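The data block below is entry_33.cif; it holds mmCIF, C-alpha atoms and all ligand atoms.
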```cif
data_entry
loop_
_atom_site.label_atom_id
_atom_site.label_comp_id
_atom_site.auth_asym_id
_atom_site.auth_seq_id
_atom_site.Cartn_x
_atom_site.Cartn_y
_atom_site.Cartn_z
CA MET A 1 109.22 93.35 61.89
CA LEU A 2 111.60 92.86 64.79
CA LYS A 3 113.41 96.03 65.76
CA THR A 4 117.16 95.54 66.10
CA ILE A 5 119.81 98.10 66.89
CA ALA A 6 121.51 99.81 63.97
CA ALA A 7 124.96 98.74 65.15
CA PHE A 8 124.20 95.28 63.81
CA ASP A 9 123.85 96.70 60.31
CA ARG A 10 127.35 98.09 60.65
CA ILE A 11 129.21 95.13 62.10
CA GLY A 12 131.36 93.35 59.52
CA GLU A 13 132.84 89.87 59.25
CA GLU A 14 136.00 88.06 58.37
CA ASN A 15 135.62 86.95 54.78
CA ALA A 16 138.27 84.25 55.27
CA PHE A 17 135.59 82.25 57.10
CA ALA A 18 133.09 82.64 54.22
CA VAL A 19 135.79 81.57 51.76
CA LEU A 20 136.59 78.59 54.00
CA ALA A 21 132.93 77.54 53.94
CA ARG A 22 132.82 77.86 50.13
CA ALA A 23 136.05 75.86 49.77
CA ASN A 24 134.72 73.15 52.09
CA ALA A 25 131.49 72.99 50.05
CA LEU A 26 133.50 72.57 46.83
CA ALA A 27 135.67 69.89 48.48
CA ALA A 28 132.51 68.06 49.57
CA GLN A 29 131.48 67.98 45.89
CA GLY A 30 134.73 66.18 45.15
CA ARG A 31 136.77 69.16 43.91
CA ASP A 32 140.51 69.12 44.57
CA ILE A 33 140.98 72.19 46.77
CA ILE A 34 144.29 73.63 47.97
CA SER A 35 143.78 75.99 50.87
CA LEU A 36 146.01 79.02 51.09
CA GLY A 37 143.09 80.90 52.58
CA ILE A 38 142.43 80.73 56.30
CA GLY A 39 145.23 81.81 58.63
CA GLN A 40 145.94 78.80 60.74
CA PRO A 41 148.93 76.46 61.07
CA ASP A 42 148.45 73.19 59.21
CA PHE A 43 150.20 71.36 62.07
CA ARG A 44 148.59 69.50 64.93
CA THR A 45 148.90 70.93 68.42
CA PRO A 46 152.05 69.33 69.92
CA ASP A 47 151.24 66.08 71.76
CA HIS A 48 152.45 67.15 75.21
CA ILE A 49 149.97 70.05 75.09
CA VAL A 50 147.09 67.79 74.09
CA GLU A 51 148.09 65.36 76.87
CA ALA A 52 148.03 68.16 79.44
CA ALA A 53 144.44 68.97 78.51
CA ILE A 54 143.43 65.30 78.72
CA LYS A 55 145.13 65.03 82.11
CA ALA A 56 143.30 68.14 83.32
CA LEU A 57 139.99 66.55 82.38
CA ARG A 58 140.98 63.24 84.04
CA ASP A 59 142.06 65.16 87.16
CA GLY A 60 138.61 66.67 87.42
CA HIS A 61 139.15 70.21 86.18
CA HIS A 62 135.57 70.36 84.96
CA GLY A 63 134.26 73.50 86.59
CA TYR A 64 134.44 77.24 86.21
CA THR A 65 137.78 78.88 86.85
CA ALA A 66 138.35 82.46 87.98
CA ALA A 67 137.13 84.84 85.26
CA ASN A 68 140.65 86.14 84.66
CA GLY A 69 142.17 82.66 84.38
CA ILE A 70 143.95 80.15 86.61
CA PRO A 71 146.80 81.75 88.61
CA PRO A 72 149.56 79.39 87.39
CA LEU A 73 148.75 80.24 83.79
CA ARG A 74 148.74 84.00 84.44
CA GLU A 75 152.09 83.52 86.20
CA ALA A 76 153.43 81.48 83.27
CA VAL A 77 152.42 84.21 80.81
CA ALA A 78 154.23 86.84 82.90
CA ALA A 79 157.31 84.59 83.14
CA ASP A 80 157.25 83.92 79.38
CA LEU A 81 157.09 87.65 78.59
CA HIS A 82 159.97 88.21 80.96
CA LYS A 83 162.02 85.39 79.45
CA ARG A 84 161.51 86.52 75.87
CA PHE A 85 161.47 90.32 76.17
CA LYS A 86 162.95 91.05 79.59
CA VAL A 87 159.80 92.93 80.57
CA GLU A 88 158.35 92.97 84.07
CA VAL A 89 154.67 92.06 83.99
CA SER A 90 152.60 91.35 87.05
CA PRO A 91 150.48 88.19 86.73
CA ASP A 92 147.71 90.43 88.10
CA SER A 93 147.66 92.40 84.87
CA VAL A 94 147.45 89.24 82.71
CA MET A 95 144.01 88.00 81.75
CA ILE A 96 143.38 84.67 80.06
CA MET A 97 141.00 85.19 77.15
CA PRO A 98 139.04 82.85 74.88
CA GLY A 99 141.36 83.54 71.92
CA GLY A 100 143.05 86.63 70.57
CA LYS A 101 139.94 88.16 69.03
CA PRO A 102 138.08 88.86 72.30
CA THR A 103 140.86 91.25 73.34
CA MET A 104 140.27 93.41 70.28
CA PHE A 105 136.51 93.13 70.80
CA MET A 106 136.76 94.28 74.41
CA SER A 107 139.31 97.03 73.90
CA ILE A 108 137.41 98.55 70.97
CA LEU A 109 134.21 98.32 73.03
CA MET A 110 135.91 100.14 75.91
CA PHE A 111 136.94 103.12 73.78
CA GLY A 112 134.55 103.22 70.85
CA GLU A 113 131.49 105.46 70.77
CA PRO A 114 130.07 108.04 68.37
CA GLY A 115 132.27 111.14 68.15
CA VAL A 116 135.59 109.40 68.74
CA ASP A 117 138.24 108.18 66.32
CA ILE A 118 140.03 104.84 66.39
CA LEU A 119 143.10 104.30 64.23
CA TYR A 120 143.69 100.87 62.70
CA PRO A 121 145.97 99.40 60.02
CA ASP A 122 144.74 99.18 56.41
CA PRO A 123 145.25 96.60 55.03
CA GLY A 124 144.78 94.91 58.36
CA PHE A 125 142.85 92.26 60.26
CA PRO A 126 139.21 92.93 59.26
CA ILE A 127 137.76 92.64 62.75
CA TYR A 128 139.40 95.89 63.84
CA ARG A 129 137.32 97.99 61.44
CA SER A 130 134.23 95.86 61.92
CA MET A 131 134.25 96.38 65.67
CA ILE A 132 135.09 100.09 65.40
CA GLU A 133 132.05 100.57 63.17
CA PHE A 134 129.92 98.50 65.51
CA THR A 135 130.64 100.90 68.37
CA GLY A 136 129.78 103.96 66.25
CA ALA A 137 133.34 105.34 66.46
CA ARG A 138 134.98 106.68 63.30
CA PRO A 139 137.45 104.21 61.77
CA ILE A 140 140.62 106.02 60.67
CA PRO A 141 142.82 103.80 58.49
CA VAL A 142 146.58 103.96 58.96
CA PRO A 143 147.98 103.10 55.51
CA ILE A 144 150.30 100.11 55.38
CA ARG A 145 152.30 100.45 52.18
CA GLU A 146 154.18 97.97 50.03
CA GLU A 147 156.88 100.56 49.30
CA ASN A 148 157.50 100.73 53.05
CA GLY A 149 157.96 96.94 53.25
CA PHE A 150 154.44 96.73 54.73
CA ALA A 151 155.70 98.27 57.97
CA PHE A 152 153.72 101.13 59.44
CA SER A 153 155.17 104.62 59.34
CA ALA A 154 155.43 106.24 62.77
CA GLU A 155 155.25 109.72 61.25
CA GLU A 156 152.13 108.97 59.23
CA THR A 157 150.47 107.24 62.18
CA LEU A 158 151.17 110.19 64.50
CA SER A 159 149.93 112.64 61.86
CA LEU A 160 146.49 110.98 61.96
CA ILE A 161 146.00 111.50 65.70
CA THR A 162 143.46 114.21 66.56
CA PRO A 163 141.83 115.33 69.82
CA GLN A 164 139.10 112.78 69.00
CA THR A 165 141.54 109.84 68.88
CA ARG A 166 141.04 107.42 71.75
CA LEU A 167 142.67 104.22 70.57
CA LEU A 168 145.48 103.29 68.19
CA ILE A 169 145.65 99.68 66.99
CA ILE A 170 148.98 98.37 65.75
CA ASN A 171 149.91 94.91 64.51
CA SER A 172 153.42 93.62 63.88
CA PRO A 173 154.15 91.01 62.55
CA ALA A 174 151.10 91.77 60.50
CA ASN A 175 148.17 90.02 58.95
CA PRO A 176 147.56 90.11 55.94
CA THR A 177 150.88 91.47 54.67
CA GLY A 178 153.50 89.62 56.71
CA GLY A 179 155.02 93.05 57.36
CA VAL A 180 157.25 93.62 60.38
CA THR A 181 157.84 97.12 61.72
CA GLY A 182 161.43 97.60 62.85
CA LYS A 183 162.63 98.76 66.25
CA ALA A 184 163.66 102.24 65.11
CA GLU A 185 160.20 102.97 63.69
CA ILE A 186 158.48 101.60 66.80
CA GLU A 187 160.67 103.79 69.00
CA LYS A 188 159.77 106.80 66.87
CA LEU A 189 156.11 106.01 67.39
CA VAL A 190 156.51 105.52 71.13
CA ALA A 191 158.43 108.81 71.44
CA GLY A 192 155.75 110.62 69.42
CA LEU A 193 152.98 109.15 71.57
CA GLU A 194 154.34 111.08 74.54
CA ARG A 195 152.62 114.11 72.95
CA PHE A 196 149.28 112.28 73.10
CA PRO A 197 148.90 110.94 76.64
CA ASP A 198 145.15 110.34 76.18
CA VAL A 199 145.57 107.86 73.34
CA CYS A 200 145.47 104.19 74.34
CA VAL A 201 147.42 101.67 72.26
CA MET A 202 146.34 98.13 71.50
CA SER A 203 149.29 96.13 70.20
CA ASP A 204 148.29 92.89 68.48
CA GLU A 205 151.37 90.69 68.74
CA ILE A 206 149.77 87.32 68.03
CA TYR A 207 152.48 86.48 65.44
CA ASP A 208 155.37 87.49 67.70
CA HIS A 209 157.17 84.14 67.36
CA MET A 210 157.12 84.29 63.57
CA VAL A 211 159.83 86.69 62.45
CA TYR A 212 162.46 85.80 59.87
CA ASP A 213 165.71 86.98 58.28
CA GLY A 214 167.30 87.79 61.64
CA GLU A 215 164.58 90.25 62.68
CA THR A 216 163.70 90.24 66.35
CA HIS A 217 160.25 90.95 67.63
CA VAL A 218 159.85 94.20 69.54
CA CYS A 219 157.24 93.88 72.29
CA LEU A 220 155.50 97.17 73.04
CA LEU A 221 155.57 96.32 76.75
CA SER A 222 159.27 97.25 76.60
CA TYR A 223 158.43 100.97 76.65
CA PRO A 224 157.70 102.37 80.14
CA SER A 225 156.35 105.67 78.75
CA ILE A 226 153.26 103.94 77.34
CA ARG A 227 152.86 101.05 79.79
CA ASP A 228 149.97 102.74 81.61
CA ARG A 229 147.95 102.88 78.37
CA LEU A 230 149.10 99.80 76.50
CA ILE A 231 146.92 96.75 75.90
CA LEU A 232 148.81 93.70 74.68
CA LEU A 233 146.92 91.12 72.61
CA ASN A 234 148.52 87.71 72.30
CA GLY A 235 147.66 84.04 72.52
CA TRP A 236 148.38 80.44 71.70
CA SER A 237 146.50 80.08 68.39
CA LYS A 238 149.33 80.62 65.94
CA THR A 239 152.47 79.81 67.97
CA TYR A 240 151.28 76.43 69.23
CA ALA A 241 148.85 75.53 66.41
CA MET A 242 145.89 75.93 68.77
CA THR A 243 143.37 77.97 66.76
CA GLY A 244 140.49 75.66 67.65
CA TRP A 245 141.19 75.66 71.38
CA ARG A 246 140.20 79.31 71.74
CA LEU A 247 142.92 80.42 74.08
CA GLY A 248 144.56 83.81 74.25
CA TYR A 249 145.73 86.38 76.74
CA ALA A 250 145.80 90.10 77.25
CA VAL A 251 147.84 92.41 79.44
CA TRP A 252 145.58 95.27 80.55
CA PRO A 253 146.78 98.50 82.15
CA GLY A 254 145.24 99.98 85.31
CA LYS A 255 141.47 100.09 85.54
CA LEU A 256 141.03 98.52 82.11
CA TYR A 257 141.84 95.20 83.77
CA ASP A 258 138.76 95.39 85.90
CA TYR A 259 136.63 96.49 82.94
CA ALA A 260 137.83 93.45 81.01
CA ARG A 261 137.23 91.16 83.98
CA LYS A 262 133.67 92.45 84.27
CA LEU A 263 133.12 92.00 80.54
CA ALA A 264 134.42 88.43 80.87
CA VAL A 265 132.01 87.73 83.73
CA ASN A 266 129.16 89.13 81.66
CA LEU A 267 130.18 87.33 78.49
CA HIS A 268 131.94 83.99 78.92
CA SER A 269 132.49 83.59 82.72
CA CYS A 270 135.92 82.03 82.19
CA VAL A 271 137.99 80.23 79.60
CA ASN A 272 137.60 76.47 79.16
CA ALA A 273 139.48 74.95 82.11
CA SER A 274 141.26 72.12 80.29
CA ALA A 275 142.42 74.51 77.55
CA GLN A 276 144.03 76.65 80.24
CA TYR A 277 146.02 73.65 81.48
CA ALA A 278 147.02 72.96 77.88
CA GLY A 279 148.21 76.57 77.60
CA LEU A 280 150.26 76.11 80.76
CA ALA A 281 151.99 73.04 79.29
CA ALA A 282 152.61 74.99 76.09
CA LEU A 283 154.43 77.81 77.90
CA THR A 284 156.31 75.75 80.47
CA GLY A 285 157.11 72.67 78.37
CA PRO A 286 159.58 72.11 75.53
CA GLN A 287 159.53 74.73 72.78
CA ASP A 288 161.15 72.61 70.08
CA GLU A 289 157.95 71.82 68.18
CA ALA A 290 156.88 75.47 68.13
CA GLU A 291 160.35 76.35 66.87
CA ARG A 292 160.17 73.62 64.23
CA MET A 293 156.91 75.06 62.93
CA VAL A 294 158.48 78.50 62.55
CA ALA A 295 161.48 77.00 60.74
CA GLU A 296 159.12 75.17 58.40
CA PHE A 297 157.12 78.36 57.73
CA ASP A 298 160.37 80.11 56.91
CA LYS A 299 161.22 77.46 54.28
CA ARG A 300 157.79 77.69 52.72
CA ARG A 301 157.96 81.47 52.74
CA LYS A 302 160.94 81.30 50.42
CA VAL A 303 159.17 78.81 48.14
CA VAL A 304 155.99 80.86 47.94
CA VAL A 305 157.75 84.18 47.33
CA GLU A 306 160.00 82.73 44.64
CA GLY A 307 157.05 81.04 42.93
CA LEU A 308 154.81 84.12 43.08
CA ASN A 309 157.49 86.31 41.55
CA LYS A 310 157.57 84.01 38.51
CA LEU A 311 153.85 84.38 37.82
CA PRO A 312 152.85 86.67 34.94
CA GLY A 313 151.81 90.10 36.23
CA VAL A 314 152.60 89.26 39.86
CA SER A 315 155.29 90.63 42.16
CA CYS A 316 155.71 89.70 45.78
CA ALA A 317 157.68 91.55 48.43
CA VAL A 318 159.46 89.29 50.91
CA PRO A 319 157.31 89.10 54.05
CA LYS A 320 159.40 89.29 57.21
CA GLY A 321 156.86 87.78 59.59
CA ALA A 322 153.68 85.76 60.24
CA PHE A 323 152.78 83.14 57.60
CA TYR A 324 151.29 85.27 54.85
CA ALA A 325 152.45 86.50 51.47
CA PHE A 326 150.73 89.55 50.02
CA PRO A 327 151.55 89.59 46.29
CA ASN A 328 150.82 92.60 44.13
CA VAL A 329 148.58 91.43 41.26
CA LYS A 330 147.81 94.83 39.70
CA ARG A 331 149.63 94.04 36.45
CA THR A 332 147.48 90.95 35.84
CA GLY A 333 144.59 93.29 35.05
CA TRP A 334 142.33 91.44 37.51
CA LYS A 335 140.48 93.06 40.37
CA ALA A 336 141.80 91.24 43.43
CA LYS A 337 138.51 89.80 44.72
CA GLU A 338 137.43 88.63 41.27
CA LEU A 339 140.80 87.00 40.85
CA ALA A 340 140.50 85.20 44.20
CA THR A 341 136.96 83.99 43.42
CA THR A 342 137.80 82.88 39.89
CA LEU A 343 140.96 81.13 41.04
CA LEU A 344 138.93 79.18 43.58
CA ASN A 345 136.15 78.29 41.13
CA GLU A 346 138.38 77.36 38.23
CA THR A 347 141.56 76.01 39.83
CA GLY A 348 140.54 75.06 43.36
CA VAL A 349 143.24 77.32 44.86
CA VAL A 350 141.96 79.24 47.87
CA THR A 351 143.35 82.75 48.39
CA ILE A 352 141.78 85.86 49.89
CA GLY A 353 141.31 89.10 47.95
CA GLY A 354 143.23 92.02 49.46
CA PRO A 355 140.12 94.25 49.71
CA ASP A 356 138.82 91.91 52.43
CA PHE A 357 141.51 93.56 54.60
CA GLY A 358 140.76 97.17 53.72
CA ILE A 359 140.55 99.70 50.93
CA LEU A 360 144.32 99.68 50.41
CA GLY A 361 144.19 95.92 49.87
CA GLU A 362 142.96 96.39 46.29
CA GLY A 363 145.48 94.98 43.84
CA TYR A 364 146.77 92.32 46.25
CA LEU A 365 145.98 88.74 47.23
CA ARG A 366 146.68 87.16 50.59
CA LEU A 367 148.14 83.68 50.56
CA SER A 368 148.57 81.82 53.80
CA TYR A 369 151.56 79.53 53.38
CA ALA A 370 150.50 77.39 56.33
CA ASN A 371 150.23 74.43 53.95
CA SER A 372 152.72 71.82 52.79
CA THR A 373 155.47 72.77 50.32
CA GLU A 374 154.04 70.15 47.96
CA ASN A 375 150.61 71.81 48.03
CA ILE A 376 152.12 75.29 47.73
CA LEU A 377 154.02 74.22 44.60
CA LYS A 378 150.89 72.58 43.16
CA ALA A 379 148.89 75.76 43.85
CA LEU A 380 151.55 77.95 42.22
CA GLY A 381 151.51 75.69 39.17
CA ARG A 382 147.75 76.04 38.85
CA MET A 383 147.95 79.82 39.31
CA SER A 384 150.66 80.05 36.66
CA GLU A 385 148.63 78.14 34.11
CA PHE A 386 145.54 80.18 34.95
CA LEU A 387 147.26 83.56 34.62
CA ALA A 388 148.97 82.54 31.38
CA THR A 389 145.73 81.49 29.70
CA ARG A 390 142.88 83.37 31.28
CA LYS A 391 142.27 87.06 30.58
CA ALA A 392 140.93 89.35 33.29
CA ALA A 393 137.14 89.39 33.54
N1 LIG B 401 145.08 89.07 65.46
C1 LIG B 401 145.48 88.82 64.22
C2 LIG B 401 146.34 89.80 63.53
C3 LIG B 401 145.09 87.65 63.58
O1 LIG B 401 145.49 87.39 62.33
C4 LIG B 401 144.24 86.74 64.26
C5 LIG B 401 143.75 85.52 63.61
O2 LIG B 401 143.82 85.31 62.43
C6 LIG B 401 143.84 87.06 65.54
C7 LIG B 401 144.28 88.22 66.12
C8 LIG B 401 142.87 86.20 66.29
O3 LIG B 401 143.42 85.11 66.87
P1 LIG B 401 142.50 84.04 67.62
O4 LIG B 401 142.21 82.96 66.62
O5 LIG B 401 143.34 83.58 68.75
O6 LIG B 401 141.26 84.71 68.06
#
```

For this file, produce the structure as structure tokens.
Ligand code: PLP
Amino acid sequence: MLKTIAAFDRIGEENAFAVLARANALAAQGRDIISLGIGQPDFRTPDHIVEAAIKALRDGHHGYTAANGIPPLREAVAADLHKRFKVEVSPDSVMIMPGGKPTMFMSILMFGEPGVDILYPDPGFPIYRSMIEFTGARPIPVPIREENGFAFSAEETLSLITPQTRLLIINSPANPTGGVTGKAEIEKLVAGLERFPDVCVMSDEIYDHMVYDGETHVCLLSYPSIRDRLILLNGWSKTYAMTGWRLGYAVWPGKLYDYARKLAVNLHSCVNASAQYAGLAALTGPQDEAERMVAEFDKRRKVVVEGLNKLPGVSCAVPKGAFYAFPNVKRTGWKAKELATTLLNETGVVTIGGPDFGILGEGYLRLSYANSTENILKALGRMSEFLATRKAA
């Protein structure tokens, strides 16, 4: 038998990808599948961004770039953060990453080891816990509650910090709940963190463009008291419909920048050159298509929430951000994962069971409304018929 390290028995996955594979297999058999599963925009990347990548290839950008990314793109990220949030960011603290995920991978790797605690949202993006367990650190869930509008509570978060805590992961707007944590709560957290100067914060703001109902996104870079221990995770995947390009960025404080640069050199050398030029066009070019996508998500959000609230046994809080609804299905009598699996098998509607996002996800489903209104309505119709006729297993 090959000997492997135990950490690989602890690393988890993102079940949304397994569900996607199962849905694709069913579609290949001729089944009519409606995907409200995987979290990616159903739009194409805007044409001017695609053209910029093609031009980069035609212009001969075929080689390695600097490990931290091409300078004009790092400058464009800093300028974009300044334009949107009035924050001063040096391009030298911006690193271009192959997607959003590698920033969580690297930051958890930097702080995680046996004997330390890392706080993460539950329900939350599954890779946080997976990576924490991989490093041998203790995963400490920060409860994200429906009765709190799926925002995190600063008081509860701070109460979970111990002398063992090295890293706190926060995510707003949030996957899988669509929750947005308001400015007052964030400021309470930031003020409280002054008591814990040894705790680093990783703020996952990948959905920062997608906030609704007049909310404005609060970027954690706005708070000088935590700037020297704040890692910002962001990227192009969701905002510009670029999930397959694998393009993201991080802002790293102090010496963490050099750690990340070394990890990049060891791992991927640099990000795909033409994708970086595409990212530059995305940030410096017209924003109307990105804005149109958000407006369209907002319309669908209303359709999905209204439809879910009419389903027997289902209630759905209004999500204020991202493109997910997280309906409470406890009164249907179904366990969430069984409901998701049976819905897929019997109706062809793809959803994700809440427990795939953490222990507190039981009793909920995640629906990504990054699909056409027509398909969303069709899916809701199928779910309605299913729940009216089919008793819980
Ligand atoms: N962070 C959150 C909260 C996400 O939901 C996702 C993707 O679903 C990511 C990060 C990863 O983004 P990327 O596809 O750019 O790696």

Long-range neighbours of Val190 of chain A as a PyMOL selection string, 12 Å cut-off, all atoms listed in the file, 2 positions minimum in chain | chain A and resi 153-155+157-158+168+170+183-188+192-197+199-201+203+218-227+229-230

So, counting only C-alpha atoms, which residue among A:Val89, A:Gly244, A:Asp213, A:Gln276 is closest to Lys299 of chain A?
->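 Of the candidates, the smallest distance to Lys299 of chain A is held by A:Asp213.
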
Residue with smallest distance to ligand LIG 401 (chain B) - pool A:Asn266, A:Gln287, A:Thr373, A:Thr243, counting all atoms listed in the file |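 For ligand LIG 401 (chain B), the nearest of the candidates is A:Thr243.
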
Just give me the gap between atom CA of Val318 of chain A and atom CA of Gly182 of chain A in Å, one decimal is fine.
->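 The value is 14.7 Å.
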
How far is it from atom CA of Val211 of chain A to atom CA of Ala174 of chain A, in Å with one decimal?
->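 If I compute the distance from atom CA of Val211 of chain A to atom CA of Ala174 of chain A, I get 10.3 Å.
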
Surrounding residues of Pro312 of chain A excluding itself and chain neighbours under 4 positions, 8 Å, all atoms listed in the file, as an MDAnalysis selection string | chainID A and resid 332 384 387:388

Go ahead and compute the interatomic distance for atom CA of Leu280 of chain A and atom CA of Pro72 of chain A, in Å to one decimal.
-> 7.4 Å

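Minimum distance to ligand LIG 401 (chain B) across A:Glu88, A:Glu133, A:Asp258, A:Glu205 (counting all atoms listed in the file) occurs at A:Glu205.
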
So that each row is one residue of chain A with an atom at most 8 Å from ligand LIG 401 (chain B), can you give its shortest atom pair and the distance in Å to one decimal, using all atoms listed in the file, rows by chain and rising number, as CSV?
```
residue,atom,partner,partner_atom,distance
A:Ile38,CA,B:LIG401,O2,7.8
A:Gly39,CA,B:LIG401,O2,5.4
A:Gln40,CA,B:LIG401,O2,7.1
A:Pro98,CA,B:LIG401,O6,7.4
A:Gly99,CA,B:LIG401,O5,3.7
A:Gly100,CA,B:LIG401,O5,3.6
A:Lys101,CA,B:LIG401,O6,3.8
A:Pro102,CA,B:LIG401,O6,6.7
A:Met104,CA,B:LIG401,C7,7.8
A:Gly124,CA,B:LIG401,C2,7.4
A:Phe125,CA,B:LIG401,C2,5.4
A:Asn171,CA,B:LIG401,C2,6.3
A:Pro173,CA,B:LIG401,C2,8.0
A:Ala174,CA,B:LIG401,C2,6.0
A:Asn175,CA,B:LIG401,C2,4.9
A:Pro176,CA,B:LIG401,O1,7.2
A:Asp204,CA,B:LIG401,N1,5.8
A:Glu205,CA,B:LIG401,N1,7.3
A:Ile206,CA,B:LIG401,N1,5.6
A:Tyr207,CA,B:LIG401,C2,7.2
A:Leu233,CA,B:LIG401,C7,7.6
A:Asn234,CA,B:LIG401,C7,7.5
A:Gly235,CA,B:LIG401,O5,5.8
A:Trp236,CA,B:LIG401,O5,6.6
A:Ser237,CA,B:LIG401,O5,4.7
A:Lys238,CA,B:LIG401,O5,7.2
A:Thr243,CA,B:LIG401,O4,5.1
A:Gly244,CA,B:LIG401,O4,7.6
A:Arg246,CA,B:LIG401,O5,6.1
A:Leu247,CA,B:LIG401,O5,6.2
A:Gly248,CA,B:LIG401,O5,5.6
```

For Ala278 of chain A, which of A:Val94, A:Ala392, A:Val50, A:Ile5 is the closest residue, counting all atoms listed in the file?
->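 Distance minimum relative to Ala278 of chain A lands on A:Val50.
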
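Shell of Leu119 of chain A at 7 Å, with all atoms listed in the file counted and residues fewer than 2 places along the chain excluded, is A:Asp117, A:Pro139, A:Ile140, A:Pro141, A:Val142, A:Leu167, A:Leu168, A:Ile169.
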
File of the preceding selection, C-alpha atoms, as a tab-separated table (two decimals), in the coordinates of the input:
```
chain	number	residue	atom	x	y	z
A	117	ASP	CA	138.24	108.18	66.32
A	139	PRO	CA	137.45	104.21	61.77
A	140	ILE	CA	140.62	106.02	60.67
A	141	PRO	CA	142.82	103.80	58.49
A	142	VAL	CA	146.58	103.96	58.96
A	167	LEU	CA	142.67	104.22	70.57
A	168	LEU	CA	145.48	103.29	68.19
A	169	ILE	CA	145.65	99.68	66.99
```
